[in-house]
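Have a look at run-v8.txt; it's compact mmCIF, C-alpha atoms:
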# COMPACT_ATOMS: atom_id res chain seq x y z
CA MET A 227 -1.41 -2.16 -10.33
CA GLY A 228 -1.34 -5.18 -12.62
CA GLY A 229 -3.41 -6.13 -15.62
CA GLY A 230 -4.15 -9.72 -14.67
CA CYS A 231 -7.31 -11.08 -13.09
CA TYR A 232 -7.46 -8.49 -10.30
CA GLY A 233 -6.51 -5.52 -12.45
CA SER A 234 -9.04 -6.52 -15.11
CA PHE A 235 -11.78 -6.73 -12.50
CA TYR A 236 -10.91 -3.41 -10.87
CA ALA A 237 -10.63 -1.54 -14.18
CA SER A 238 -13.96 -3.00 -15.30
CA GLN A 239 -15.64 -2.01 -12.04
CA LEU A 240 -14.31 1.55 -12.26
CA ALA A 241 -15.67 1.83 -15.80
CA LYS A 242 -19.09 0.64 -14.63
CA ALA A 243 -19.04 3.04 -11.68
CA LYS A 244 -18.24 5.99 -13.92
CA ALA A 245 -20.93 5.02 -16.43
CA ARG A 246 -23.49 4.97 -13.63
CA GLY A 247 -22.39 8.29 -12.18
CA LYS A 248 -20.96 6.79 -8.99
CA VAL A 249 -17.42 8.08 -9.45
CA ASP A 250 -15.81 10.97 -11.31
CA LEU A 251 -12.39 10.07 -12.68
CA ARG A 252 -10.12 11.38 -15.42
CA THR A 253 -8.13 8.30 -16.40
CA VAL A 254 -7.58 4.76 -15.23
CA ILE A 255 -3.96 3.71 -15.79
CA VAL A 256 -3.31 -0.04 -15.84
CA VAL A 257 0.35 -0.88 -15.20
CA ASP A 258 1.67 -4.29 -16.19
CA ARG A 259 5.01 -5.51 -17.55
CA ASN A 260 3.15 -7.71 -20.05
CA PRO A 261 2.13 -5.73 -23.16
CA ASP A 262 -0.54 -8.35 -23.86
CA CYS A 263 -1.98 -8.51 -20.35
CA ARG A 264 -5.49 -9.77 -19.74
CA ALA A 265 -6.93 -6.31 -19.05
CA ARG A 266 -5.67 -4.98 -22.39
CA ARG A 267 -7.11 -7.97 -24.25
CA GLU A 268 -10.50 -7.91 -22.51
CA LEU A 269 -11.06 -4.18 -21.97
CA GLY A 270 -8.83 -2.39 -24.44
CA GLU A 271 -7.89 1.26 -24.64
CA ALA A 272 -10.56 3.90 -24.02
CA PRO A 273 -10.68 7.70 -23.75
CA ASP A 274 -10.46 7.31 -19.97
CA ARG A 275 -8.29 4.18 -19.85
CA ARG A 276 -4.68 3.66 -20.87
CA PHE A 277 -2.07 0.98 -20.41
CA VAL A 278 1.56 1.34 -19.34
CA THR A 279 3.93 -1.54 -20.08
CA GLN A 280 6.46 -1.23 -17.28
CA GLU A 281 7.64 -2.81 -14.04
CA TRP A 282 5.85 -1.32 -11.04
CA THR A 283 8.88 0.14 -9.24
CA PRO A 284 10.22 2.28 -12.13
CA PHE A 285 6.66 3.32 -12.93
CA PHE A 286 6.27 4.82 -9.47
CA ASP A 287 9.64 6.56 -9.75
CA ASP A 288 8.21 8.57 -12.64
CA PHE A 289 4.54 8.72 -11.70
CA LEU A 290 4.82 9.98 -8.14
CA VAL A 291 6.85 13.03 -9.19
CA ASP A 292 3.81 14.72 -10.74
CA ALA A 293 0.92 12.93 -8.99
CA SER A 294 -1.49 15.04 -6.96
CA ASP A 295 -5.03 13.93 -6.16
CA ASP A 296 -4.58 10.49 -7.68
CA HIS A 297 -5.34 7.16 -6.08
CA ILE A 298 -3.56 3.81 -6.27
CA VAL A 299 -5.49 0.56 -6.62
CA PRO A 300 -3.24 -2.19 -5.21
CA SER A 301 -3.40 -5.84 -6.10
CA PRO A 302 -4.08 -8.12 -3.10
CA HIS A 303 -0.79 -9.89 -3.90
CA MET A 304 1.28 -6.79 -4.63
CA PRO A 305 4.60 -6.56 -2.78
CA HIS A 306 5.13 -3.70 -0.35
CA LEU A 307 5.89 -1.33 -3.23
CA MET A 308 5.27 1.95 -1.45
CA PHE A 309 7.71 1.02 1.29
CA GLU A 310 10.26 0.06 -1.36
CA TRP A 311 9.76 3.49 -2.94
CA LEU A 312 10.28 5.26 0.40
CA LEU A 313 13.40 3.16 0.99
CA ALA A 314 14.84 4.09 -2.41
CA ARG A 315 14.00 7.76 -1.82
CA ALA A 316 15.80 7.69 1.54
CA ARG A 317 18.91 6.21 -0.06
CA GLN A 318 18.85 8.89 -2.75
CA ARG A 319 18.39 11.60 -0.12
CA TRP A 320 21.28 10.38 2.07
CA PRO A 321 23.73 8.57 -0.25
CA GLY A 322 26.45 8.32 2.38
CA ARG A 323 24.18 7.21 5.21
CA GLU A 324 23.26 3.70 6.27
CA VAL A 325 19.64 3.11 5.27
CA ARG A 326 18.40 -0.40 5.94
CA VAL A 327 15.32 -2.51 6.61
CA ASP A 328 15.07 -3.91 10.13
CA PRO A 329 12.57 -6.46 11.47
CA VAL A 330 9.55 -4.81 13.07
CA PRO A 331 9.78 -5.48 16.83
CA GLY A 332 7.01 -5.79 19.37
CA ASP A 333 3.70 -7.58 19.73
CA ILE A 334 0.91 -6.40 17.44
CA GLY A 335 -1.66 -8.86 18.75
CA THR A 336 -3.14 -10.18 15.50
CA PRO A 337 -3.99 -13.86 14.98
CA TYR A 338 -1.89 -13.97 11.81
CA ASP A 339 1.63 -12.56 12.15
CA ARG A 340 4.49 -13.66 9.90
CA THR A 341 7.78 -12.01 8.96
CA ALA A 342 9.06 -12.70 5.44
CA GLN A 343 12.70 -13.09 4.45
CA ASP A 344 12.84 -9.43 3.34
CA ALA A 345 11.77 -8.39 6.89
CA THR A 346 8.26 -7.39 5.81
CA ARG A 347 5.86 -8.31 8.59
CA TYR A 348 2.49 -9.52 7.31
CA ILE A 349 -0.34 -9.22 9.81
CA SER A 350 -4.06 -9.94 9.79
CA PHE A 351 -6.97 -9.99 12.19
CA ALA A 352 -8.51 -12.82 10.18
CA ASP A 353 -7.80 -16.42 11.09
CA TRP A 354 -10.26 -17.51 8.40
CA ILE A 355 -10.38 -17.28 4.60
CA CYS A 356 -11.87 -13.93 3.63
CA PRO A 357 -14.39 -13.54 0.79
CA THR A 358 -12.92 -12.44 -2.53
CA HIS A 359 -13.08 -8.65 -3.03
CA CYS A 360 -14.35 -8.10 0.51
CA ILE A 361 -14.90 -4.39 1.24
CA GLU A 362 -14.43 -4.93 5.00
CA PRO A 363 -17.84 -3.67 6.13
CA ALA A 364 -18.77 -3.02 9.75
CA LEU A 365 -20.43 -6.45 9.83
CA CYS A 366 -17.76 -8.99 8.89
CA PRO A 367 -19.22 -11.34 6.23
CA ALA A 368 -16.85 -14.16 7.19
CA ILE A 369 -18.01 -14.47 10.80
CA GLY A 370 -21.41 -12.75 10.60
CA ALA A 371 -20.57 -10.46 13.52
CA PRO A 372 -19.48 -6.84 13.99
CA ARG A 373 -15.91 -6.05 12.99
CA THR A 374 -14.40 -4.83 16.25
CA TRP A 375 -10.86 -4.28 14.98
CA GLU A 376 -9.03 -1.66 12.92
CA MET A 377 -5.51 -2.36 11.70
CA GLY A 378 -4.52 1.32 11.74
CA ASP A 379 -5.21 1.49 15.47
CA ALA A 380 -3.06 -1.60 16.07
CA VAL A 381 -0.08 -0.26 14.12
CA ARG A 382 -0.30 3.17 15.76
CA ALA A 383 -0.45 1.51 19.18
CA LEU A 384 2.66 -0.49 18.31
CA ALA A 385 4.55 2.68 17.37
CA ASP A 386 3.50 4.30 20.66
CA ARG A 387 4.72 1.27 22.65
CA LEU A 388 8.07 1.27 20.88
CA ARG A 389 8.55 4.95 21.67
CA THR A 390 7.60 4.33 25.29
CA GLU A 391 10.33 1.70 25.39
CA GLY A 392 12.83 4.32 24.22
CA GLN A 393 13.14 3.32 20.59
CA PRO A 394 13.53 6.23 18.13
CA VAL A 395 10.57 5.29 15.95
CA ALA A 396 8.63 7.89 13.97
CA GLY A 397 5.23 7.42 12.41
CA PRO A 398 3.63 5.25 11.46
CA ALA A 399 3.33 6.24 7.82
CA LEU A 400 0.19 4.39 6.80
CA PHE A 401 -1.18 3.81 3.32
CA VAL A 402 -4.72 2.75 4.12
CA CYS A 403 -6.63 0.91 1.40
CA LYS A 404 -10.34 1.65 1.77
CA HIS A 405 -13.34 0.75 -0.34
CA HIS A 406 -13.79 3.47 -2.94
CA VAL A 407 -16.57 2.28 -5.22
CA PHE A 408 -18.04 -0.95 -6.65
CA GLY A 409 -15.69 -3.25 -4.76
CA VAL A 410 -12.52 -1.33 -5.62
CA GLY A 411 -10.16 -0.37 -2.79
CA THR A 412 -7.70 2.50 -3.09
CA PHE A 413 -5.27 4.61 -1.11
CA ALA A 414 -4.33 8.19 -1.89
CA VAL A 415 -1.05 9.19 -3.52
CA GLU A 416 -0.93 12.06 -1.02
CA ALA A 417 -0.53 9.51 1.78
CA VAL A 418 2.58 8.14 0.06
CA LEU A 419 4.03 11.63 -0.40
CA ALA A 420 3.25 12.40 3.25
CA GLY A 421 5.16 9.24 4.18
CA ASP A 422 8.14 10.50 2.21
CA ARG A 423 7.99 13.81 4.07
CA LEU A 424 7.84 11.92 7.38
CA VAL A 425 11.01 9.99 6.52
CA ALA A 426 12.76 13.24 5.55
CA GLU A 427 11.76 14.86 8.86
CA ALA A 428 12.76 11.81 10.92
CA GLY A 429 16.25 11.83 9.46
CA ALA A 430 16.78 15.57 9.26
CA ASN A 431 18.83 15.98 12.44
CA GLY A 432 21.29 13.26 11.47
CA ALA A 433 20.66 11.05 14.50
CA ARG A 434 19.76 7.37 14.37
CA ALA A 435 16.06 7.03 13.58
CA GLY A 436 13.44 4.59 12.41
CA VAL A 437 10.15 5.02 10.61
CA LEU A 438 7.35 2.47 10.86
CA VAL A 439 5.65 2.10 7.46
CA GLY A 440 2.52 0.11 6.68
CA THR A 441 0.26 -0.60 3.73
CA ILE A 442 -2.93 -1.71 5.40
CA SER A 443 -6.66 -2.18 5.19
CA SER A 444 -8.99 -2.51 8.15
CA CYS A 445 -8.17 -6.20 8.52
CA HIS A 446 -4.79 -6.88 6.94
CA GLY A 447 -1.40 -5.23 6.53
CA ALA A 448 2.26 -5.31 5.58
CA VAL A 449 4.58 -3.33 7.84
CA ASN A 450 8.28 -2.52 7.73
CA LEU A 451 10.78 -0.58 9.77
CA LEU A 452 12.94 1.80 7.76
CA SER A 453 16.08 2.43 9.81
CA LEU A 454 18.43 5.36 9.35
CA GLY A 455 21.93 5.22 10.77
CA PRO A 456 23.58 8.34 12.26
CA MET A 457 25.25 10.76 9.86
Final structure tokens representation of the file:
Amino acid sequence: MGGGCYGSFYASQLAKAKARGKVDLRTVIVVDRNPDCRARRELGEAPDRRFVTQEWTPFFDDFLVDASDDHIVPSPHMPHLMFEWLLARARQRWPGREVRVDPVPGDIGTPYDRTAQDATRYISFADWICPTHCIEPALCPAIGAPRTWEMGDAVRALADRLRTEGQPVAGPALFVCKHHVFGVGTFAVEAVLAGDRLVAEAGANGARAGVLVGTISSCHGAVNLLSLGPM
């Protein structure tokens, strides 16, 4: 996602990985609203690389309809696009129902924890500056010690606590970015589609419900609470 400095690097790394037999891929799609983005200028079209000039949100509206075993390579500075897609899908599914974004309650226990104006809660186990393109190995390169944390565990524990407190929270739906090859992190499209199914199931009985949604890695994350009003 994006054809700037990060997208150019990731597309280049995927090309190198394929050339060296480290990954088997059909096509790398680079999505950027700029038709003259850096990746297009530096890398150009190829039999296994194409460019789409489009905003990210409408791209996903079309792409996710027919996606299957594909993977998404997020930019480190990408907004919480997959949550936005789930939110839009919920509003399409229940046009007469209140569908809103609520602040994520509860204590997650990470050193960095900030809620943005759009109610996205950004969390991180790092209270240091991480190396560029870190693949989050078992031995943290920033502190030179074992990485004893896993963001997925923290978000799941939060969901369990909220349910214990009586809050109607389903999930979490987690899109977990993991190192795939040559410094490139991805999460599976199937995880996004599973998140959409989770939202549909949570709201099926018409009662008030919430779904905790996170795009995370081992160390960092963005989480939101998708709230469904009663029908």
Polymer residues at most 9 Å from Asp344 (chain A), all atoms listed in the file, same-chain spacing of 3 or more positions, as a PyMOL selection string: chain A and resi 327+329+341+347
Atoms kept (C-alpha atoms) for selection, written as a JSON list (two decimals), in the frame of the given file:
[["chain", "number", "residue", "atom", "x", "y", "z"],
["A", 327, "VAL", "CA", 15.32, -2.51, 6.61],
["A", 329, "PRO", "CA", 12.57, -6.46, 11.47],
["A", 341, "THR", "CA", 7.78, -12.01, 8.96],
["A", 347, "ARG", "CA", 5.86, -8.31, 8.59]]
Selection near region 303-312 of chain A, 8 Å with all atoms listed in the file, sequence-local residues under 3 positions removed, as a PyMOL selection string: chain A and resi 227+282-283+286-287+300+315-316+346+418+421-422+425+439-441+448+450
Nearest residue to Gly447 (chain A) from the set A:Cys366, A:Val299, A:Val254, A:Val402 (distances using all atoms listed in the file): A:Val402
Selection: 9 Å around Arg266 (chain A), all atoms listed in the file, excl. self and same-chain fewer than 3 positions, as a ChimeraX atom specification: /A:229,234,256,261-263,269-271,276-277
All file atoms of region 312-328 of chain A boxed axis-aligned, 5 Å per side, centre plus edges, as AutoDock Vina command-line options:
--center_x 18.4 --center_y 3.8 --center_z 3.7 --size_x 26.2 --size_y 25.5 --size_z 22.9
Could region 304-331 of chain A be completed with N, CA and C atoms and returned as a CSV table (one decimal), in the frame of the given file?
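The result, written out as rebuild.csv:
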chain,number,residue,atom,x,y,z
A,304,MET,N,0.2,-7.7,-4.3
A,304,MET,CA,1.3,-6.8,-4.6
A,304,MET,C,2.3,-6.7,-3.5
A,305,PRO,N,3.6,-6.7,-3.8
A,305,PRO,CA,4.6,-6.6,-2.8
A,305,PRO,C,4.5,-5.2,-2.2
A,306,HIS,N,5.3,-5.0,-1.1
A,306,HIS,CA,5.1,-3.7,-0.4
A,306,HIS,C,5.8,-2.6,-1.1
A,307,LEU,N,5.2,-2.2,-2.3
A,307,LEU,CA,5.9,-1.3,-3.2
A,307,LEU,C,6.1,0.1,-2.7
A,308,MET,N,5.1,0.6,-1.9
A,308,MET,CA,5.3,2.0,-1.4
A,308,MET,C,6.4,2.1,-0.4
A,309,PHE,N,6.6,1.0,0.4
A,309,PHE,CA,7.7,1.0,1.3
A,309,PHE,C,9.0,1.0,0.5
A,310,GLU,N,9.1,0.1,-0.5
A,310,GLU,CA,10.3,0.1,-1.4
A,310,GLU,C,10.6,1.4,-2.0
A,311,TRP,N,9.5,2.2,-2.4
A,311,TRP,CA,9.8,3.5,-2.9
A,311,TRP,C,10.3,4.4,-1.9
A,312,LEU,N,9.8,4.4,-0.7
A,312,LEU,CA,10.3,5.3,0.4
A,312,LEU,C,11.7,4.9,0.7
A,313,LEU,N,12.0,3.6,0.7
A,313,LEU,CA,13.4,3.2,1.0
A,313,LEU,C,14.4,3.7,-0.1
A,314,ALA,N,14.0,3.6,-1.3
A,314,ALA,CA,14.8,4.1,-2.4
A,314,ALA,C,15.0,5.6,-2.3
A,315,ARG,N,13.9,6.3,-2.0
A,315,ARG,CA,14.0,7.8,-1.8
A,315,ARG,C,15.0,8.1,-0.7
A,316,ALA,N,14.9,7.4,0.4
A,316,ALA,CA,15.8,7.7,1.5
A,316,ALA,C,17.3,7.5,1.1
A,317,ARG,N,17.5,6.5,0.4
A,317,ARG,CA,18.9,6.2,-0.1
A,317,ARG,C,19.4,7.3,-1.1
A,318,GLN,N,18.5,7.8,-1.9
A,318,GLN,CA,18.8,8.9,-2.8
A,318,GLN,C,19.1,10.2,-2.0
A,319,ARG,N,18.3,10.4,-0.9
A,319,ARG,CA,18.4,11.6,-0.1
A,319,ARG,C,19.7,11.6,0.7
A,320,TRP,N,20.1,10.5,1.2
A,320,TRP,CA,21.3,10.4,2.1
A,320,TRP,C,22.2,9.3,1.5
A,321,PRO,N,22.9,9.6,0.4
A,321,PRO,CA,23.7,8.6,-0.2
A,321,PRO,C,24.9,8.0,0.6
A,322,GLY,N,25.4,8.8,1.6
A,322,GLY,CA,26.4,8.3,2.4
A,322,GLY,C,26.0,7.8,3.7
A,323,ARG,N,24.7,7.6,3.9
A,323,ARG,CA,24.2,7.2,5.2
A,323,ARG,C,23.7,5.8,5.1
A,324,GLU,N,23.8,5.0,6.2
A,324,GLU,CA,23.3,3.7,6.3
A,324,GLU,C,21.7,3.8,6.3
A,325,VAL,N,21.1,3.2,5.3
A,325,VAL,CA,19.6,3.1,5.3
A,325,VAL,C,19.3,1.6,5.1
A,326,ARG,N,18.6,1.0,6.0
A,326,ARG,CA,18.4,-0.4,5.9
A,326,ARG,C,17.0,-0.7,6.4
A,327,VAL,N,16.6,-2.0,6.2
A,327,VAL,CA,15.3,-2.5,6.6
A,327,VAL,C,15.6,-3.4,7.8
A,328,ASP,N,15.0,-3.1,8.9
A,328,ASP,CA,15.1,-3.9,10.1
A,328,ASP,C,13.8,-4.6,10.4
A,329,PRO,N,13.8,-5.8,11.1
A,329,PRO,CA,12.6,-6.5,11.5
A,329,PRO,C,11.7,-5.6,12.4
A,330,VAL,N,10.4,-5.6,12.2
A,330,VAL,CA,9.6,-4.8,13.1
A,330,VAL,C,9.4,-5.5,14.4
A,331,PRO,N,9.9,-4.8,15.5
A,331,PRO,CA,9.8,-5.5,16.8
A,331,PRO,C,8.4,-5.3,17.5
